[in-house]
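Data block below; observations after.
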Amino acid sequence: MSESVTQEVVAVEQNKDFCSSCSICSTLCPYEALKKDAETGKISLEIEKCQVCGLCYSACPARAIDTIYYDVASLMRYLEKAKLEYDSDTLVIMCRGSAPDFAGIEQLFGVTKFVPLSVPCVGRIPEEVFLKAIIAGINKIYVLACDEDYCRFEKGSPVTGRRVLALNLLLEQLGYGKETVTLNRHSLKVKVETDLCISCGNCVFYCPYDAAKLESPGVVSFDLSYCRGCGLCVAMCPALALDLENWERERISALISKLSSEIQTPKVLVFRCQWAVFPPLDEESTRNIRAIDLPCASRIDVSNILEAFQNGVDGVLIAACSEEDCKQEKASGKAQHSIARLEERLSQIGLQDRLHFCTVTPRYPKEFDKELEQFIQKIEAIGESK
Amino acid sequence: MIVTTQKPLDEVLDFISPYSNILIAGCDGCTQPPRGIREAKTLSQLLDLGGKLRDKNFTFKATTLAKQCDSYLTASMLKPQTEGVETILSLACGIGVQTLAEAFPEIPVFPAQNTHFMGAEDREAGSLEERCAGCGDCLLALTGGICPVARCTKGLLNGACGGSKEGKCELSPERDCGWVLIYEQLKRQGKQQFLKEFRPPRDYQLHGWKVTT
């Protein structure tokens with residue numbers, strides 16, 4: 001498939017027949033991908049600038065924006081199924097960027113049983129979904145957005161805040177009682193074990209946000225109000241003194257060993273940046289592929305990749321955002337450097353072909369599919385690892 | 001810091017192939033790039049994979065030491081971990097390897113690194129360059145804090161030689177001319193008169209081989 005073919009399918013499209021040029025989308029778009037023409041007053045979409053946050057989709061009053069990911073129909077399909085599966089009338093809509101595990105959700109909202117709905121940015125969920133969910137029998141909706149300065153799409157969290165406020169007013173007027181929808185904000189940040197710190201300064205150098213400080217004499221300290229949770233410092237720390245909340249080393253290791261044992265050969269494990277690939281809500285498990293979502297490609301730890309090989313995985317694919325699309329100040333580019341160094345070392349033992357790093361974007365959904373397909377063909381050709 | 005590079009894995013695999021129980025000892029001292037617990041773990045993983053491809057199963061223990069060149073520390077910190085260990089792979093510079101070999105004379109110790117020089121790191125450029133030659137007779141007070149022994153390719157004490165082109169060395173054009181750097185630095189500080197001072201040939205005995213503390 002050539003590039004033009006993979007770019008034929010785009011994630012967001014504007015239906016000009018429906019557009020009333022109201023400008024709501026262009027005001028909301030954090031990336032100036034939707035713009036109003038000064039002369040004609042018409043709105044146009046420049047897909048290359050789009051980061052697929054979905055804010056325009058959720059806010060367009062004329063339904064003039066179409067999206068491939070998490071549209072109302074697929075969200076409702078998921079809800080219907082998940083409601084039965086989780087046997088609950090409480091819905092938790094959370095942003096993948098800051099959602100902890102189930103136990104964390106329990107702690108944040110004080111709920112033990114709920115229907116989870118995890119999407120990249122809750123700002124992409126239209127009011128319609130909240131209302132339809134309530135009609136479908138949901139009694140209580142909890143919304144977990146990122147802290148405003150942690151939001152990967154800049155305006156996603158503030159927009160969610162306003163939307164929840166308006167929804168509650170509406171629902172109260174309709175007689176549903178106060179606070180049917182509860183909003184909570186959260187973020188996932190670095191954890192330091194200062195006993196292990198060797199004061200090398202790697203984290204200070206690599207942190208894109210100046211969160212790490214090293215004073216003489218002393219060990220590293222973090223100003224967590226600056227930390228945006230990319231995990232680059234964690235992957236670069238030579239002393240294993242850092243970890244990232246919800247993406248702890250041990251947790252990723254456990255996931256690797258679980259996933260690699262449940263798939264068949266040729267086993268392919270994909271580490272994907274959660275902003276580079278948007279999986280469908282009903283993502284189906286295939287026979288030989290599993291994926292681990294990471295907060296940013298920069299969290300990918302060389303030792304996790306090696307661990308996958310040690311667990312019998314035949315191929316490891318890393319799907320990252322390009323530097324320009326990186327939601328973390330070009331951290332993905334820095335990640336690529338350590339992957340390149342690992343490739344050199346893997347070539348010394350003849351494993352280099354089993355690791356592939358690619359940059360993809362959800363803007364063109366076929367890009368990742370194509371990379372995965374090509375990689376699987378390559379791994380099938382090389383055969384099983386020893 | 002002491003600058004090292006990783007030995008090719010096949011060379012390391014050759015060293016350790018007669019053994020099964022291997023202790024990999026990192027060094028948190030001045031070895032640069034850092035060769036601490038992460039590198040110890042990564043190397044154990046790579047060697048495990050490399051071993052399997054050679055039909056060889058190793059058992060690794062990965063640890064790290066504050067500084068391997070300290071024989072007292074090394075012996076006391078590492079001793080409890082050497083039980084059942086057939087060989088030790090050191091991630092330190094050549095000094096650390098020798099300290100381990102001396103501390104554990106019964107156990108073969110192998111280097112996992114090549115040791116290059118005492119250097120400084122330019123993180124932005126991702127490079128490490130030699131800065132000190134350990135001559136035992138420091139001249140930096142007279143040369144604006146730039147060492148002619150380490151940074152002039154010819155090690156001239158009374159430079160420049162005249163072969164410098166656009167600030168680069170005539171012998172290795174990618175390298176800065178140490179004496180041009182010294183001249184510019186002294187000019188900035190208004191200390192050009194230092195350049196007129198004659199420096200007699202170095203006393204190579206000052207380099208020494210032993211210092212008493």
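By convention here, the chains of the structure tokens are called A, B, ... in the order presented, each chain's residues are numbered starting at 1, and ligands are numbered starting at 1 in the order presented.
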Q: Give me, as a PyMOL selection string, the contact residues of chain B against chain A at a cut-off of 8 Å, counting only C-alpha atoms.
A: chain B and resi 8-10+28+34-39+41-42+45-46+48-50+52-53+123
Q.
Residues near Gly144 of chain B, anyone? I mean within 12 Å using only C-alpha atoms, not counting same-chain ones fewer than 3 positions away, as a VMD selection string.
A. chain B and resid 138 to 141 147 to 148 178 to 195
Deliver the residues from the most recent selection as a file, using N, CA, C and O atoms, as a JSON list (two decimals), in the first residue's frame.
```json
[["chain", "number", "residue", "atom", "x", "y", "z"],
["B", 138, "CYS", "N", 49.45, 19.65, 36.84],
["B", 138, "CYS", "CA", 48.36, 20.39, 36.21],
["B", 138, "CYS", "C", 48.74, 21.80, 35.77],
["B", 138, "CYS", "O", 49.23, 22.61, 36.55],
["B", 139, "LEU", "N", 48.49, 22.07, 34.49],
["B", 139, "LEU", "CA", 48.85, 23.35, 33.88],
["B", 139, "LEU", "C", 47.66, 24.28, 33.70],
["B", 139, "LEU", "O", 47.80, 25.37, 33.16],
["B", 140, "LEU", "N", 46.48, 23.84, 34.11],
["B", 140, "LEU", "CA", 45.25, 24.54, 33.74],
["B", 140, "LEU", "C", 45.21, 26.00, 34.20],
["B", 140, "LEU", "O", 44.54, 26.83, 33.59],
["B", 141, "ALA", "N", 45.97, 26.32, 35.28],
["B", 141, "ALA", "CA", 45.96, 27.70, 35.77],
["B", 141, "ALA", "C", 46.53, 28.66, 34.73],
["B", 141, "ALA", "O", 46.15, 29.83, 34.68],
["B", 147, "CYS", "N", 43.09, 22.11, 28.84],
["B", 147, "CYS", "CA", 44.33, 21.34, 28.97],
["B", 147, "CYS", "C", 44.99, 21.09, 27.61],
["B", 147, "CYS", "O", 44.42, 20.42, 26.75],
["B", 148, "PRO", "N", 46.20, 21.58, 27.42],
["B", 148, "PRO", "CA", 46.89, 21.34, 26.15],
["B", 148, "PRO", "C", 47.38, 19.89, 26.03],
["B", 148, "PRO", "O", 47.52, 19.37, 24.93],
["B", 178, "GLY", "N", 43.32, 22.67, 20.36],
["B", 178, "GLY", "CA", 43.37, 23.00, 21.79],
["B", 178, "GLY", "C", 43.97, 24.38, 22.01],
["B", 178, "GLY", "O", 43.50, 25.16, 22.86],
["B", 179, "TRP", "N", 45.00, 24.71, 21.25],
["B", 179, "TRP", "CA", 45.68, 25.99, 21.46],
["B", 179, "TRP", "C", 44.87, 27.18, 20.97],
["B", 179, "TRP", "O", 44.96, 28.26, 21.53],
["B", 180, "VAL", "N", 44.06, 26.99, 19.97],
["B", 180, "VAL", "CA", 43.16, 28.08, 19.56],
["B", 180, "VAL", "C", 42.14, 28.33, 20.68],
["B", 180, "VAL", "O", 41.85, 29.47, 21.03],
["B", 181, "LEU", "N", 41.65, 27.24, 21.26],
["B", 181, "LEU", "CA", 40.69, 27.37, 22.37],
["B", 181, "LEU", "C", 41.34, 28.12, 23.54],
["B", 181, "LEU", "O", 40.73, 29.01, 24.14],
["B", 182, "ILE", "N", 42.61, 27.77, 23.82],
["B", 182, "ILE", "CA", 43.33, 28.42, 24.92],
["B", 182, "ILE", "C", 43.51, 29.91, 24.62],
["B", 182, "ILE", "O", 43.23, 30.77, 25.46],
["B", 183, "TYR", "N", 43.94, 30.20, 23.41],
["B", 183, "TYR", "CA", 44.16, 31.59, 23.02],
["B", 183, "TYR", "C", 42.87, 32.40, 23.17],
["B", 183, "TYR", "O", 42.87, 33.49, 23.76],
["B", 184, "GLU", "N", 41.79, 31.87, 22.65],
["B", 184, "GLU", "CA", 40.52, 32.62, 22.72],
["B", 184, "GLU", "C", 40.06, 32.84, 24.16],
["B", 184, "GLU", "O", 39.58, 33.91, 24.51],
["B", 185, "GLN", "N", 40.26, 31.83, 24.95],
["B", 185, "GLN", "CA", 39.85, 31.93, 26.35],
["B", 185, "GLN", "C", 40.68, 32.99, 27.07],
["B", 185, "GLN", "O", 40.14, 33.84, 27.79],
["B", 186, "LEU", "N", 42.00, 32.97, 26.86],
["B", 186, "LEU", "CA", 42.88, 33.94, 27.54],
["B", 186, "LEU", "C", 42.58, 35.35, 27.05],
["B", 186, "LEU", "O", 42.64, 36.31, 27.81],
["B", 187, "LYS", "N", 42.25, 35.46, 25.75],
["B", 187, "LYS", "CA", 41.92, 36.78, 25.20],
["B", 187, "LYS", "C", 40.67, 37.33, 25.88],
["B", 187, "LYS", "O", 40.61, 38.49, 26.28],
["B", 188, "ARG", "N", 39.67, 36.47, 26.02],
["B", 188, "ARG", "CA", 38.43, 36.87, 26.69],
["B", 188, "ARG", "C", 38.72, 37.38, 28.10],
["B", 188, "ARG", "O", 38.09, 38.30, 28.58],
["B", 189, "GLN", "N", 39.70, 36.74, 28.74],
["B", 189, "GLN", "CA", 39.99, 37.09, 30.13],
["B", 189, "GLN", "C", 41.07, 38.16, 30.23],
["B", 189, "GLN", "O", 41.49, 38.54, 31.33],
["B", 190, "GLY", "N", 41.59, 38.64, 29.10],
["B", 190, "GLY", "CA", 42.67, 39.64, 29.10],
["B", 190, "GLY", "C", 43.97, 39.11, 29.69],
["B", 190, "GLY", "O", 44.71, 39.84, 30.35],
["B", 191, "LYS", "N", 44.23, 37.85, 29.48],
["B", 191, "LYS", "CA", 45.42, 37.24, 30.08],
["B", 191, "LYS", "C", 46.36, 36.69, 29.01],
["B", 191, "LYS", "O", 47.06, 35.69, 29.24],
["B", 192, "GLN", "N", 46.41, 37.37, 27.87],
["B", 192, "GLN", "CA", 47.25, 36.86, 26.77],
["B", 192, "GLN", "C", 48.71, 36.73, 27.17],
["B", 192, "GLN", "O", 49.46, 35.98, 26.56],
["B", 193, "GLN", "N", 49.12, 37.54, 28.20],
["B", 193, "GLN", "CA", 50.54, 37.49, 28.59],
["B", 193, "GLN", "C", 50.98, 36.08, 29.01],
["B", 193, "GLN", "O", 52.15, 35.75, 28.91],
["B", 194, "PHE", "N", 50.01, 35.27, 29.45],
["B", 194, "PHE", "CA", 50.35, 33.89, 29.83],
["B", 194, "PHE", "C", 50.96, 33.13, 28.66],
["B", 194, "PHE", "O", 51.77, 32.23, 28.84],
["B", 195, "LEU", "N", 50.56, 33.54, 27.45],
["B", 195, "LEU", "CA", 51.05, 32.82, 26.27],
["B", 195, "LEU", "C", 52.54, 33.05, 26.04],
["B", 195, "LEU", "O", 53.19, 32.28, 25.36]]
```
Q. Hey, what's within 10 Å of Trp275 of chain A if we count only C-alpha atoms and toss same-chain stuff fewer than 6 positions away? As a ChimeraX atom specification, please?
A. /A:51-53,96-97,120-121,152,293-297,319-321,325-327,360-362
Next, write the just-selected residues to a file, as a compact mmCIF listing (two decimals), in the first residue's frame, keeping all heavy atoms as the atom set.
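File written: part06.txt
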```txt
# COMPACT_ATOMS: atom_id res chain seq x y z
N GLN A 51 -5.44 16.64 15.32
CA GLN A 51 -4.87 15.66 16.25
C GLN A 51 -5.93 14.68 16.74
O GLN A 51 -5.70 13.93 17.68
CB GLN A 51 -4.22 16.39 17.44
CG GLN A 51 -3.06 17.28 17.06
CD GLN A 51 -1.85 16.50 16.56
OE1 GLN A 51 -1.67 15.33 16.89
NE2 GLN A 51 -1.02 17.12 15.74
N VAL A 52 -7.09 14.70 16.11
CA VAL A 52 -8.17 13.74 16.36
C VAL A 52 -8.65 13.74 17.82
O VAL A 52 -8.94 12.69 18.39
CB VAL A 52 -7.74 12.31 15.93
CG1 VAL A 52 -8.98 11.48 15.59
CG2 VAL A 52 -6.82 12.32 14.72
N CYS A 53 -8.74 14.92 18.42
CA CYS A 53 -9.25 14.98 19.79
C CYS A 53 -10.75 14.74 19.83
O CYS A 53 -11.29 14.27 20.83
CB CYS A 53 -8.91 16.32 20.44
SG CYS A 53 -9.63 17.77 19.66
N ARG A 96 -8.30 8.25 28.76
CA ARG A 96 -7.22 7.27 28.86
C ARG A 96 -5.94 7.89 29.40
O ARG A 96 -5.08 7.20 29.93
CB ARG A 96 -6.93 6.68 27.48
CG ARG A 96 -8.09 5.91 26.92
CD ARG A 96 -7.91 5.68 25.45
NE ARG A 96 -6.90 4.67 25.20
CZ ARG A 96 -6.42 4.38 24.00
NH1 ARG A 96 -6.86 5.04 22.95
NH2 ARG A 96 -5.52 3.45 23.83
N GLY A 97 -5.83 9.20 29.25
CA GLY A 97 -4.61 9.86 29.67
C GLY A 97 -4.39 9.89 31.17
O GLY A 97 -3.26 9.96 31.65
N PRO A 120 -9.87 8.34 24.43
CA PRO A 120 -8.84 9.37 24.44
C PRO A 120 -9.51 10.73 24.49
O PRO A 120 -10.02 11.19 23.49
CB PRO A 120 -8.10 9.17 23.11
CG PRO A 120 -8.94 8.29 22.27
CD PRO A 120 -10.02 7.70 23.10
N CYS A 121 -9.56 11.33 25.63
CA CYS A 121 -10.20 12.62 25.89
C CYS A 121 -11.71 12.50 26.04
O CYS A 121 -12.42 12.16 25.10
CB CYS A 121 -9.89 13.68 24.82
SG CYS A 121 -10.33 15.32 25.39
N ARG A 152 -4.02 16.41 27.20
CA ARG A 152 -3.19 16.25 26.00
C ARG A 152 -3.73 17.04 24.82
O ARG A 152 -3.06 17.25 23.84
CB ARG A 152 -3.10 14.78 25.60
CG ARG A 152 -2.58 13.85 26.68
CD ARG A 152 -1.28 14.36 27.27
NE ARG A 152 -0.65 13.34 28.09
CZ ARG A 152 -0.17 13.54 29.32
NH1 ARG A 152 -0.28 14.72 29.89
NH2 ARG A 152 0.43 12.57 29.96
N ASP A 293 -0.86 -0.49 25.78
CA ASP A 293 -0.94 0.96 25.56
C ASP A 293 -0.10 1.69 26.58
O ASP A 293 -0.13 1.37 27.78
CB ASP A 293 -2.40 1.43 25.66
CG ASP A 293 -3.21 0.92 24.49
OD1 ASP A 293 -2.70 0.99 23.36
OD2 ASP A 293 -4.35 0.45 24.70
N LEU A 294 0.64 2.67 26.11
CA LEU A 294 1.52 3.43 27.00
C LEU A 294 1.16 4.91 26.93
O LEU A 294 0.56 5.36 25.96
CB LEU A 294 2.98 3.22 26.59
CG LEU A 294 3.50 1.78 26.78
CD1 LEU A 294 4.87 1.63 26.15
CD2 LEU A 294 3.56 1.41 28.25
N PRO A 295 1.53 5.68 27.97
CA PRO A 295 1.14 7.09 27.99
C PRO A 295 1.84 7.91 26.92
O PRO A 295 1.40 8.99 26.55
CB PRO A 295 1.59 7.55 29.38
CG PRO A 295 2.66 6.61 29.77
CD PRO A 295 2.29 5.29 29.17
N CYS A 296 2.95 7.40 26.42
CA CYS A 296 3.74 8.07 25.39
C CYS A 296 4.79 7.04 25.00
O CYS A 296 5.21 6.23 25.83
CB CYS A 296 4.43 9.31 25.96
SG CYS A 296 5.63 10.09 24.84
N ALA A 297 5.22 7.07 23.76
CA ALA A 297 6.24 6.10 23.34
C ALA A 297 7.50 6.23 24.19
O ALA A 297 8.27 5.29 24.33
CB ALA A 297 6.57 6.30 21.86
N ALA A 319 4.62 1.49 18.18
CA ALA A 319 3.89 2.50 17.42
C ALA A 319 3.90 3.80 18.20
O ALA A 319 3.32 3.88 19.29
CB ALA A 319 2.47 2.04 17.15
N ALA A 320 4.58 4.79 17.65
CA ALA A 320 4.71 6.08 18.33
C ALA A 320 4.13 7.18 17.46
O ALA A 320 3.86 6.97 16.27
CB ALA A 320 6.19 6.36 18.60
N CYS A 321 3.97 8.34 18.05
CA CYS A 321 3.60 9.52 17.26
C CYS A 321 4.87 10.09 16.64
O CYS A 321 5.96 9.87 17.15
CB CYS A 321 2.98 10.60 18.15
SG CYS A 321 1.49 10.11 19.00
N ASP A 325 3.66 15.35 16.03
CA ASP A 325 2.36 15.02 16.62
C ASP A 325 2.45 14.70 18.11
O ASP A 325 1.43 14.55 18.78
CB ASP A 325 1.74 13.81 15.91
CG ASP A 325 1.18 14.17 14.54
OD1 ASP A 325 0.92 15.37 14.32
OD2 ASP A 325 0.99 13.27 13.71
N CYS A 326 3.69 14.53 18.61
CA CYS A 326 3.86 14.09 20.00
C CYS A 326 3.16 15.04 20.96
O CYS A 326 3.34 16.26 20.89
CB CYS A 326 5.35 13.98 20.35
SG CYS A 326 5.64 13.37 22.03
N LYS A 327 2.36 14.46 21.85
CA LYS A 327 1.61 15.27 22.81
C LYS A 327 2.52 15.67 23.97
O LYS A 327 2.10 16.29 24.93
CB LYS A 327 0.41 14.50 23.35
CG LYS A 327 -0.51 13.93 22.28
CD LYS A 327 -1.31 15.02 21.62
CE LYS A 327 -2.12 14.49 20.44
NZ LYS A 327 -1.32 14.06 19.30
N VAL A 360 3.05 6.56 13.62
CA VAL A 360 1.73 6.56 12.98
C VAL A 360 0.86 7.63 13.63
O VAL A 360 1.23 8.20 14.66
CB VAL A 360 1.03 5.18 13.13
CG1 VAL A 360 1.75 4.11 12.35
CG2 VAL A 360 0.89 4.78 14.59
N THR A 361 -0.27 7.88 13.02
CA THR A 361 -1.20 8.85 13.60
C THR A 361 -2.62 8.34 13.45
O THR A 361 -2.96 7.72 12.45
CB THR A 361 -1.06 10.23 12.93
OG1 THR A 361 -2.26 10.98 13.18
CG2 THR A 361 -0.89 10.12 11.42
N PRO A 362 -3.45 8.60 14.46
CA PRO A 362 -4.85 8.19 14.33
C PRO A 362 -5.58 8.95 13.22
O PRO A 362 -6.67 8.55 12.80
CB PRO A 362 -5.45 8.52 15.70
CG PRO A 362 -4.52 9.47 16.34
CD PRO A 362 -3.17 9.22 15.76
```
Q: Please run DSSP on the backbone and report, as a PyMOL selection string, all residues within segment 19-210 of chain B that come out as alpha helix (DSSP H).
A: chain B and resi 37-53+71-78+94-103+148-151+178-188
Q: Go through segment 80-244 of chain A and collect every residue that DSSP, computed from the backbone, puts in strand (DSSP E or B); the answer should be as a count of residues only.
A: 36
Q: Within 12 Å of Ser164 of chain B, counting only C-alpha atoms, which residues show up once you throw out same-chain ones fewer than 2 positions away? Write them as a VMD selection string, please.
A: chain B and resid 152 to 154 159 to 162 166 to 181
Please produce a file of those selected residues containing N, CA, C and O atoms, as a PDB file, in the first residue's frame.
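The result, written out as out35.pdb:
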```pdb
ATOM      1  N   CYS B 152      45.335  19.277  22.863  1.00  0.00           N
ATOM      2  CA  CYS B 152      46.156  19.508  21.675  1.00  0.00           C
ATOM      3  C   CYS B 152      46.562  18.118  21.203  1.00  0.00           C
ATOM      4  O   CYS B 152      47.090  17.316  21.982  1.00  0.00           O
ATOM      5  N   THR B 153      46.243  17.796  19.961  1.00  0.00           N
ATOM      6  CA  THR B 153      46.525  16.443  19.464  1.00  0.00           C
ATOM      7  C   THR B 153      47.989  16.074  19.668  1.00  0.00           C
ATOM      8  O   THR B 153      48.334  14.923  19.919  1.00  0.00           O
ATOM      9  N   LYS B 154      48.872  17.102  19.555  1.00  0.00           N
ATOM     10  CA  LYS B 154      50.300  16.842  19.685  1.00  0.00           C
ATOM     11  C   LYS B 154      50.784  16.991  21.128  1.00  0.00           C
ATOM     12  O   LYS B 154      51.968  16.794  21.406  1.00  0.00           O
ATOM     13  N   GLY B 159      52.117  25.983  22.572  1.00  0.00           N
ATOM     14  CA  GLY B 159      51.472  26.044  21.258  1.00  0.00           C
ATOM     15  C   GLY B 159      51.271  27.474  20.826  1.00  0.00           C
ATOM     16  O   GLY B 159      51.703  28.387  21.526  1.00  0.00           O
ATOM     17  N   ALA B 160      50.585  27.691  19.719  1.00  0.00           N
ATOM     18  CA  ALA B 160      50.100  26.638  18.828  1.00  0.00           C
ATOM     19  C   ALA B 160      51.195  26.251  17.836  1.00  0.00           C
ATOM     20  O   ALA B 160      52.201  26.957  17.709  1.00  0.00           O
ATOM     21  N   CYS B 161      50.959  25.161  17.124  1.00  0.00           N
ATOM     22  CA  CYS B 161      52.010  24.639  16.264  1.00  0.00           C
ATOM     23  C   CYS B 161      52.087  25.365  14.928  1.00  0.00           C
ATOM     24  O   CYS B 161      53.091  25.284  14.246  1.00  0.00           O
ATOM     25  N   GLY B 162      50.996  26.028  14.540  1.00  0.00           N
ATOM     26  CA  GLY B 162      50.987  26.696  13.243  1.00  0.00           C
ATOM     27  C   GLY B 162      50.199  25.923  12.200  1.00  0.00           C
ATOM     28  O   GLY B 162      49.958  26.411  11.106  1.00  0.00           O
ATOM     29  N   GLU B 166      41.219  27.183  10.648  1.00  0.00           N
ATOM     30  CA  GLU B 166      39.879  27.605  11.088  1.00  0.00           C
ATOM     31  C   GLU B 166      39.500  27.005  12.440  1.00  0.00           C
ATOM     32  O   GLU B 166      38.389  26.499  12.637  1.00  0.00           O
ATOM     33  N   GLY B 167      40.467  27.030  13.334  1.00  0.00           N
ATOM     34  CA  GLY B 167      40.198  26.557  14.689  1.00  0.00           C
ATOM     35  C   GLY B 167      40.234  25.046  14.841  1.00  0.00           C
ATOM     36  O   GLY B 167      39.981  24.529  15.920  1.00  0.00           O
ATOM     37  N   LYS B 168      40.540  24.339  13.754  1.00  0.00           N
ATOM     38  CA  LYS B 168      40.562  22.871  13.833  1.00  0.00           C
ATOM     39  C   LYS B 168      42.000  22.360  13.726  1.00  0.00           C
ATOM     40  O   LYS B 168      42.876  23.034  13.195  1.00  0.00           O
ATOM     41  N   CYS B 169      42.212  21.159  14.193  1.00  0.00           N
ATOM     42  CA  CYS B 169      43.540  20.549  14.202  1.00  0.00           C
ATOM     43  C   CYS B 169      43.914  20.045  12.809  1.00  0.00           C
ATOM     44  O   CYS B 169      43.079  19.479  12.107  1.00  0.00           O
ATOM     45  N   GLU B 170      45.185  20.225  12.438  1.00  0.00           N
ATOM     46  CA  GLU B 170      45.583  19.774  11.100  1.00  0.00           C
ATOM     47  C   GLU B 170      45.632  18.244  11.013  1.00  0.00           C
ATOM     48  O   GLU B 170      45.548  17.663   9.941  1.00  0.00           O
ATOM     49  N   LEU B 171      45.804  17.599  12.166  1.00  0.00           N
ATOM     50  CA  LEU B 171      45.900  16.132  12.147  1.00  0.00           C
ATOM     51  C   LEU B 171      44.522  15.459  12.117  1.00  0.00           C
ATOM     52  O   LEU B 171      44.346  14.423  11.490  1.00  0.00           O
ATOM     53  N   SER B 172      43.586  16.043  12.844  1.00  0.00           N
ATOM     54  CA  SER B 172      42.214  15.521  12.761  1.00  0.00           C
ATOM     55  C   SER B 172      41.263  16.704  12.647  1.00  0.00           C
ATOM     56  O   SER B 172      40.897  17.320  13.649  1.00  0.00           O
ATOM     57  N   PRO B 173      40.910  17.009  11.405  1.00  0.00           N
ATOM     58  CA  PRO B 173      40.167  18.245  11.112  1.00  0.00           C
ATOM     59  C   PRO B 173      38.803  18.339  11.795  1.00  0.00           C
ATOM     60  O   PRO B 173      38.225  19.418  11.840  1.00  0.00           O
ATOM     61  N   GLU B 174      38.271  17.241  12.324  1.00  0.00           N
ATOM     62  CA  GLU B 174      36.971  17.342  13.004  1.00  0.00           C
ATOM     63  C   GLU B 174      37.157  17.791  14.454  1.00  0.00           C
ATOM     64  O   GLU B 174      36.199  18.096  15.151  1.00  0.00           O
ATOM     65  N   ARG B 175      38.432  17.855  14.864  1.00  0.00           N
ATOM     66  CA  ARG B 175      38.708  18.149  16.262  1.00  0.00           C
ATOM     67  C   ARG B 175      39.150  19.608  16.438  1.00  0.00           C
ATOM     68  O   ARG B 175      39.929  20.125  15.632  1.00  0.00           O
ATOM     69  N   ASP B 176      38.652  20.236  17.533  1.00  0.00           N
ATOM     70  CA  ASP B 176      39.067  21.624  17.797  1.00  0.00           C
ATOM     71  C   ASP B 176      40.553  21.666  18.115  1.00  0.00           C
ATOM     72  O   ASP B 176      41.087  20.765  18.765  1.00  0.00           O
ATOM     73  N   CYS B 177      41.242  22.739  17.671  1.00  0.00           N
ATOM     74  CA  CYS B 177      42.640  22.941  18.042  1.00  0.00           C
ATOM     75  C   CYS B 177      42.661  23.424  19.493  1.00  0.00           C
ATOM     76  O   CYS B 177      42.077  24.462  19.828  1.00  0.00           O
ATOM     77  N   GLY B 178      43.316  22.672  20.362  1.00  0.00           N
ATOM     78  CA  GLY B 178      43.366  23.003  21.786  1.00  0.00           C
ATOM     79  C   GLY B 178      43.973  24.382  22.013  1.00  0.00           C
ATOM     80  O   GLY B 178      43.500  25.158  22.857  1.00  0.00           O
ATOM     81  N   TRP B 179      45.000  24.713  21.247  1.00  0.00           N
ATOM     82  CA  TRP B 179      45.681  25.987  21.457  1.00  0.00           C
ATOM     83  C   TRP B 179      44.869  27.177  20.967  1.00  0.00           C
ATOM     84  O   TRP B 179      44.965  28.261  21.528  1.00  0.00           O
ATOM     85  N   VAL B 180      44.056  26.990  19.971  1.00  0.00           N
ATOM     86  CA  VAL B 180      43.155  28.075  19.558  1.00  0.00           C
ATOM     87  C   VAL B 180      42.136  28.325  20.678  1.00  0.00           C
ATOM     88  O   VAL B 180      41.850  29.468  21.031  1.00  0.00           O
ATOM     89  N   LEU B 181      41.649  27.236  21.260  1.00  0.00           N
ATOM     90  CA  LEU B 181      40.694  27.373  22.375  1.00  0.00           C
ATOM     91  C   LEU B 181      41.345  28.123  23.537  1.00  0.00           C
ATOM     92  O   LEU B 181      40.731  29.013  24.144  1.00  0.00           O
TER      93      LEU B 181
END
```
Q: Please identify all polymer residues within 9 Å of Lys49 of chain A, counting only C-alpha atoms, omitting same-chain residues fewer than 6 positions from it, and present them as a ChimeraX atom specification.
A: /A:31-34,325
**Q.** Nearest to Glu324 of chain A, chosen from A:Ile376, A:Cys25, A:Leu232, A:Cys50, with only C-alpha atoms counted in the distances
**A.**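 That would be A:Cys50, the residue with the smallest distance to Glu324 of chain A.
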Q | Contacts of Leu171 of chain A at 12 Å (only C-alpha atoms; same-chain gap of 5+ positions) as a PyMOL selection string | A | chain A and resi 127+130-131+134-135+139-141+164-166+176-181
(Q) I'd like the contact shell of Ile382 of chain A - 12 Å cut-off, only C-alpha atoms, skipping same-chain residues fewer than 2 positions apart - returned as a PyMOL selection string. (A) chain A and resi 265-266+314-315+350-355+375-380+384-386
